[in-house]
$ cat input20.tsv   # TSV, C-alpha atoms and all ligand atoms
chain	number	residue	atom	x	y	z
A	267	MET	CA	123.04	93.99	92.44
A	268	SER	CA	122.90	90.55	94.09
A	269	GLU	CA	120.80	91.97	96.93
A	270	ASP	CA	117.09	91.14	96.81
A	271	TRP	CA	115.50	94.54	97.45
A	272	SER	CA	111.98	93.14	97.18
A	273	LYS	CA	112.49	90.96	100.27
A	274	PRO	CA	110.34	92.14	103.22
A	275	ARG	CA	112.47	93.02	106.24
A	276	ASP	CA	111.54	93.38	109.89
A	277	ILE	CA	111.26	97.12	110.65
A	278	ASP	CA	112.03	96.68	114.37
A	279	LEU	CA	115.28	94.84	113.60
A	280	LEU	CA	116.21	97.50	111.04
A	281	ALA	CA	115.37	100.34	113.44
A	282	ASP	CA	117.12	98.86	116.50
A	283	GLY	CA	120.16	97.92	114.42
A	284	ARG	CA	120.25	101.45	112.95
A	285	VAL	CA	120.75	99.69	109.63
A	286	SER	CA	122.01	101.77	106.70
A	287	LEU	CA	121.65	100.38	103.17
A	288	GLU	CA	122.81	101.69	99.82
A	289	PHE	CA	120.57	100.53	97.03
A	290	THR	CA	120.50	100.40	93.25
A	291	ILE	CA	117.11	99.29	91.95
A	292	ALA	CA	116.12	99.10	88.28
A	293	ILE	CA	113.23	101.45	87.46
A	294	ALA	CA	111.56	98.49	85.74
A	295	ASP	CA	111.42	96.64	89.07
A	296	PHE	CA	108.92	99.03	90.71
A	297	PRO	CA	105.54	97.39	90.07
A	298	ARG	CA	103.33	100.40	90.91
A	299	LEU	CA	105.50	102.90	89.03
A	300	ARG	CA	105.89	100.71	85.97
A	301	PRO	CA	102.46	101.35	84.34
A	302	GLN	CA	103.21	105.09	84.31
A	303	LEU	CA	106.52	104.75	82.53
A	304	ALA	CA	107.02	105.70	78.90
A	305	ARG	CA	110.27	103.71	79.03
A	306	ALA	CA	111.37	101.35	81.79
A	307	GLU	CA	115.01	102.37	81.76
A	308	GLY	CA	117.60	103.31	84.32
A	309	CYS	CA	117.95	102.86	88.04
A	310	ALA	CA	117.04	104.49	91.31
A	311	THR	CA	120.04	104.78	93.59
A	312	GLY	CA	120.40	106.07	97.09
A	313	ARG	CA	120.54	105.22	100.73
A	314	VAL	CA	118.06	104.37	103.43
A	315	ARG	CA	118.92	104.69	107.14
A	316	PHE	CA	116.68	103.20	109.79
A	317	GLY	CA	116.27	104.29	113.36
A	318	ARG	CA	113.63	105.40	115.84
A	319	GLU	CA	112.01	108.72	116.64
A	320	ARG	CA	110.03	108.75	119.91
A	321	GLY	CA	110.04	104.96	119.79
A	322	VAL	CA	108.53	104.73	116.31
A	323	PRO	CA	110.59	103.06	113.56
A	324	VAL	CA	111.62	105.65	110.97
A	325	ALA	CA	113.61	105.62	107.75
A	326	ASP	CA	115.63	108.44	106.24
A	327	VAL	CA	115.41	107.88	102.50
A	328	GLU	CA	117.63	109.56	99.89
A	329	ILE	CA	116.83	108.81	96.25
A	330	SER	CA	118.39	109.83	92.98
A	331	ALA	CA	116.51	108.60	89.92
A	332	ARG	CA	115.18	109.55	86.51
A	333	ALA	CA	111.83	108.23	85.36
A	334	GLU	CA	110.57	108.55	81.79
A	335	LEU	CA	106.88	109.34	82.17
A	336	THR	CA	104.34	110.22	79.47
A	337	CYS	CA	103.36	113.85	79.03
A	338	GLN	CA	99.59	114.03	79.55
A	339	ARG	CA	99.23	116.82	76.98
A	340	CYS	CA	101.25	115.61	73.97
A	341	LEU	CA	101.79	111.96	75.02
A	342	ALA	CA	105.50	112.15	74.24
A	343	PRO	CA	108.01	110.83	76.79
A	344	LEU	CA	108.98	113.24	79.52
A	345	ALA	CA	112.11	112.76	81.62
A	346	CYS	CA	111.39	113.40	85.29
A	347	PRO	CA	114.47	113.55	87.48
A	348	VAL	CA	113.99	112.77	91.15
A	349	GLU	CA	116.36	114.02	93.84
A	350	SER	CA	114.41	113.36	96.97
A	351	GLY	CA	115.15	112.94	100.62
A	352	GLY	CA	113.13	112.77	103.78
A	353	ARG	CA	112.16	110.91	106.90
A	354	VAL	CA	109.16	108.59	106.99
A	355	ALA	CA	107.59	106.68	109.86
A	356	LEU	CA	106.87	102.98	109.44
A	357	VAL	CA	103.73	101.60	111.06
A	358	ALA	CA	101.95	98.26	110.88
A	359	ASP	CA	98.41	99.66	111.06
A	360	ALA	CA	96.31	102.78	111.60
A	361	GLY	CA	96.35	102.27	115.39
A	362	GLU	CA	100.13	102.59	115.47
A	363	ALA	CA	99.90	105.67	113.27
A	364	ASP	CA	98.59	107.56	116.31
A	365	ARG	CA	102.07	107.39	117.83
A	366	VAL	CA	103.82	108.87	114.81
A	367	PRO	CA	105.55	112.18	115.59
A	368	GLU	CA	103.74	115.10	113.95
A	369	GLY	CA	104.91	116.11	110.51
A	370	LEU	CA	106.24	112.73	109.47
A	371	GLU	CA	104.84	111.00	106.46
A	372	THR	CA	103.60	107.53	107.34
A	373	ILE	CA	104.20	104.40	105.34
A	374	LEU	CA	102.45	101.13	106.00
A	375	ALA	CA	104.62	98.12	106.88
A	376	PRO	CA	102.16	95.23	107.25
A	377	ASP	CA	103.21	92.76	109.98
A	378	HIS	CA	106.06	95.19	110.79
A	379	ARG	CA	107.79	94.28	107.56
A	380	ILE	CA	108.66	96.26	104.45
A	381	SER	CA	111.03	95.81	101.53
A	382	VAL	CA	113.51	98.49	100.55
A	383	ARG	CA	111.93	98.40	97.09
A	384	ASP	CA	108.45	99.22	98.42
A	385	LEU	CA	109.82	101.97	100.64
A	386	VAL	CA	111.75	103.56	97.78
A	387	GLU	CA	108.79	103.19	95.41
A	388	GLU	CA	106.50	104.99	97.86
A	389	GLU	CA	108.95	107.90	97.95
A	390	LEU	CA	109.33	107.91	94.17
A	391	LEU	CA	105.56	108.04	93.66
A	392	LEU	CA	105.36	110.95	96.08
A	393	ALA	CA	108.17	112.85	94.38
A	394	LEU	CA	106.97	112.36	90.80
A	395	PRO	CA	104.28	114.65	89.33
A	396	ILE	CA	100.75	113.18	89.42
A	397	VAL	CA	100.03	114.73	86.01
A	398	PRO	CA	103.36	114.94	84.14
A	399	LEU	CA	103.48	117.77	81.57
A	400	HIS	CA	106.11	119.39	79.39
A	401	GLY	CA	106.24	123.14	79.31
A	402	ALA	CA	103.50	124.37	76.90
A	403	ALA	CA	106.00	125.55	74.26
A	404	GLU	CA	107.81	122.23	74.38
A	405	CYS	CA	104.59	120.28	73.80
A	406	ALA	CA	103.64	122.52	70.84
A	407	ALA	CA	107.07	122.02	69.27
A	408	ARG	CA	106.59	118.27	69.14
A	409	ALA	CA	104.90	116.20	66.46
A	410	PRO	CA	101.10	116.64	66.18
A	411	ALA	CA	99.25	115.01	69.04
A	412	PRO	CA	97.47	111.72	68.35
A	413	GLU	CA	93.69	111.60	67.86
A	414	PRO	CA	91.81	112.73	70.99
A	415	ALA	CA	90.45	109.19	71.54
A	416	ALA	CA	93.99	108.01	72.12
A	417	THR	CA	94.50	110.49	74.94
A	418	VAL	CA	91.99	108.76	77.21
A	419	GLY	CA	93.55	105.87	79.00
A	420	PRO	CA	94.56	104.47	82.36
A	421	ALA	CA	97.68	106.66	82.43
A	422	ALA	CA	95.50	109.77	82.54
A	423	GLU	CA	93.57	108.65	85.61
A	424	PRO	CA	94.55	109.90	89.04
A	425	ARG	CA	96.89	107.59	90.84
A	426	HIS	CA	95.52	105.56	93.70
A	427	ARG	CA	97.70	105.74	96.76
A	428	PRO	CA	96.86	103.29	99.54
A	429	PHE	CA	97.93	105.80	102.12
A	430	GLU	CA	95.34	108.35	101.19
A	431	ARG	CA	92.87	106.26	103.13
A	432	LEU	CA	95.05	106.12	106.21
A	433	ASP	CA	95.62	109.87	105.99
A	434	GLU	CA	91.87	110.42	105.90
A	435	LEU	CA	91.47	108.18	108.91
A	436	LEU	CA	94.06	110.17	110.81
A	437	LYS	CA	92.53	113.51	109.92
A	438	ARG	CA	89.20	112.40	111.29
A	439	ARG	CA	90.72	111.47	114.64
A	440	HIS	CA	92.36	114.83	115.27
B	1	ZN	ZN	104.15	117.37	76.18

$ encode --input "input20.tsv" --output "structure tokens" --more "lines below"
Ligand SMILES: [Zn+2]
Amino acid sequence: MSEDWSKPRDIDLLADGRVSLEFTIAIADFPRLRPQLARAEGCATGRVRFGRERGVPVADVEISARAELTCQRCLAPLACPVESGGRVALVADAGEADRVPEGLETILAPDHRISVRDLVEEELLLALPIVPLHGAAECAARAPAPEPAATVGPAAEPRHRPFERLDELLKRRH
């Protein structure tokens, strides 16, 4: 755990070195995920392998994690396991995104740098439900829901993902 996973790393060095890293990152250390957590407990573990596909830096990310989110119906904690894996392309800006092989998700690495933490967090946010809910029967079996006023809060708002804008940009070009 001595490794600083929040340190930005050069994606070209990682890709050319075909660097493979095994990480363990505390769930509490993901700044964008944190506001959605009912409890900031546990760790995300996994491996990220860098390389290139058609010249573009890519990362194969495998994550195993469990995030305690808040059910948006009954507001009780809801354990959301994540077993996720996939390849993402790393680009510095929208211009570079044009070179990304079709079908790859694109993650922004400003100045060609990204931290393992930010990369893993992006994947976690993608894998977790946008509106976490128990099964209906499970919600009903829980203690009475709080007053309706308490159900309106930042946690209920749709998540803002910076890449939605880039995706829109790309759609317009094709
Ligand atoms: Zn519920």

$ residues_near_ligand --input "input20.tsv" --ligand "ligand ZN 1 (chain B)" --cutoff "8 Å" --atoms "all atoms listed in the file" --output "list in words"
Thr336, Cys337, Gln338, Arg339, Cys340, Leu341, Ala342, Pro343, Leu344, Leu399, His400, Gly401, Ala402, Glu404, Cys405, Ala406 and Arg408 of chain A

$ residues_around --input "input20.tsv" --residues "segment 357-368 of chain A" --least-positions-apart "6" --cutoff "7 Å" --atoms "only C-alpha atoms" --output "JSON list (two decimals) with C-alpha atoms, keeping the file's coordinate frame"
[["chain", "number", "residue", "atom", "x", "y", "z"],
["A", 322, "VAL", "CA", 108.53, 104.73, 116.31],
["A", 374, "LEU", "CA", 102.45, 101.13, 106.00],
["A", 375, "ALA", "CA", 104.62, 98.12, 106.88],
["A", 376, "PRO", "CA", 102.16, 95.23, 107.25],
["A", 377, "ASP", "CA", 103.21, 92.76, 109.98],
["A", 378, "HIS", "CA", 106.06, 95.19, 110.79],
["A", 432, "LEU", "CA", 95.05, 106.12, 106.21]]

$ closest_residue --input "input20.tsv" --among "A:Ala310, A:Ile396, A:Ala345, A:Leu390" --to "Ile291 of chain A" --atoms "all atoms listed in the file"
A:Ala310

$ atom_distance --input "input20.tsv" --atom1 "atom CA of Ala393 of chain A" --atom2 "atom CA of Leu280 of chain A"
24.0 Å

$ atom_distance --input "input20.tsv" --atom1 "atom CA of Val285 of chain A" --atom2 "atom CA of Pro347 of chain A"
26.9 Å

$ residues_around --input "input20.tsv" --residues "segment 350-352 of chain A" --least-positions-apart "3" --cutoff "7 Å" --atoms "all atoms listed in the file" --output "list in words"
Asp326, Val327, Glu328, Ile329, Ser330 and Ala393 of chain A

$ closest_residue --input "input20.tsv" --among "A:Leu394, A:Arg313, A:Asp278, A:Arg305" --to "Leu356 of chain A" --atoms "all atoms listed in the file"
A:Asp278

$ build_atoms --input "input20.tsv" --residues "segment 361-372 of chain A" --atoms "all heavy atoms" --output "CSV table (one decimal), in the frame of the given file"
chain,number,residue,atom,x,y,z
A,361,GLY,N,96.2,102.1,113.9
A,361,GLY,CA,96.4,102.3,115.4
A,361,GLY,C,97.7,102.8,115.8
A,361,GLY,O,97.9,103.7,116.6
A,362,GLU,N,98.8,102.2,115.2
A,362,GLU,CA,100.1,102.6,115.5
A,362,GLU,C,100.4,104.0,114.9
A,362,GLU,O,101.3,104.7,115.4
A,362,GLU,CB,101.1,101.6,114.9
A,362,GLU,CG,101.2,100.3,115.6
A,362,GLU,CD,102.4,99.4,115.1
A,362,GLU,OE1,103.1,99.9,114.2
A,362,GLU,OE2,102.5,98.3,115.6
A,363,ALA,N,99.7,104.4,113.9
A,363,ALA,CA,99.9,105.7,113.3
A,363,ALA,C,99.6,106.8,114.2
A,363,ALA,O,100.2,107.9,114.1
A,363,ALA,CB,99.0,105.8,112.0
A,364,ASP,N,98.8,106.5,115.3
A,364,ASP,CA,98.6,107.6,116.3
A,364,ASP,C,99.9,108.0,117.0
A,364,ASP,O,99.9,109.1,117.6
A,364,ASP,CB,97.6,107.0,117.4
A,364,ASP,CG,96.2,107.1,116.9
A,364,ASP,OD1,96.0,107.8,115.8
A,364,ASP,OD2,95.3,106.5,117.5
A,365,ARG,N,100.8,107.1,117.1
A,365,ARG,CA,102.1,107.4,117.8
A,365,ARG,C,103.1,108.1,117.0
A,365,ARG,O,104.2,108.5,117.5
A,365,ARG,CB,102.7,106.1,118.3
A,365,ARG,CG,101.8,105.4,119.4
A,365,ARG,CD,102.2,103.9,119.5
A,365,ARG,NE,103.7,103.8,119.6
A,365,ARG,CZ,104.4,102.8,119.1
A,365,ARG,NH1,103.8,101.8,118.4
A,365,ARG,NH2,105.7,102.7,119.2
A,366,VAL,N,102.8,108.3,115.7
A,366,VAL,CA,103.8,108.9,114.8
A,366,VAL,C,104.0,110.3,115.1
A,366,VAL,O,103.1,111.1,115.3
A,366,VAL,CB,103.4,108.7,113.3
A,366,VAL,CG1,104.3,109.5,112.4
A,366,VAL,CG2,103.4,107.3,112.9
A,367,PRO,N,105.3,110.8,115.3
A,367,PRO,CA,105.6,112.2,115.6
A,367,PRO,C,105.0,113.1,114.5
A,367,PRO,O,105.0,112.7,113.3
A,367,PRO,CB,107.1,112.3,115.6
A,367,PRO,CG,107.5,110.9,115.9
A,367,PRO,CD,106.5,110.0,115.3
A,368,GLU,N,104.4,114.2,114.9
A,368,GLU,CA,103.7,115.1,114.0
A,368,GLU,C,104.7,115.5,112.8
A,368,GLU,O,105.9,115.8,113.1
A,368,GLU,CB,103.3,116.3,114.7
A,368,GLU,CG,102.0,116.9,114.1
A,368,GLU,CD,101.4,118.0,115.0
A,368,GLU,OE1,101.4,117.8,116.3
A,368,GLU,OE2,101.0,119.0,114.5
A,369,GLY,N,104.1,115.6,111.6
A,369,GLY,CA,104.9,116.1,110.5
A,369,GLY,C,105.6,115.0,109.7
A,369,GLY,O,106.1,115.3,108.7
A,370,LEU,N,105.6,113.8,110.2
A,370,LEU,CA,106.2,112.7,109.5
A,370,LEU,C,105.2,112.0,108.6
A,370,LEU,O,104.1,111.7,109.0
A,370,LEU,CB,106.8,111.7,110.4
A,370,LEU,CG,108.1,112.0,111.1
A,370,LEU,CD1,108.7,110.7,111.7
A,370,LEU,CD2,109.1,112.6,110.1
A,371,GLU,N,105.7,111.8,107.3
A,371,GLU,CA,104.8,111.0,106.5
A,371,GLU,C,104.9,109.6,107.0
A,371,GLU,O,105.8,109.1,107.5
A,371,GLU,CB,105.4,111.1,105.0
A,371,GLU,CG,104.5,110.5,104.0
A,371,GLU,CD,105.3,109.9,102.8
A,371,GLU,OE1,106.4,110.4,102.6
A,371,GLU,OE2,104.8,109.0,102.2
A,372,THR,N,103.7,108.9,106.8
A,372,THR,CA,103.6,107.5,107.3
A,372,THR,C,103.5,106.5,106.2
A,372,THR,O,102.8,106.7,105.2
A,372,THR,CB,102.3,107.4,108.2
A,372,THR,OG1,102.4,108.5,109.2
A,372,THR,CG2,102.2,106.1,108.9
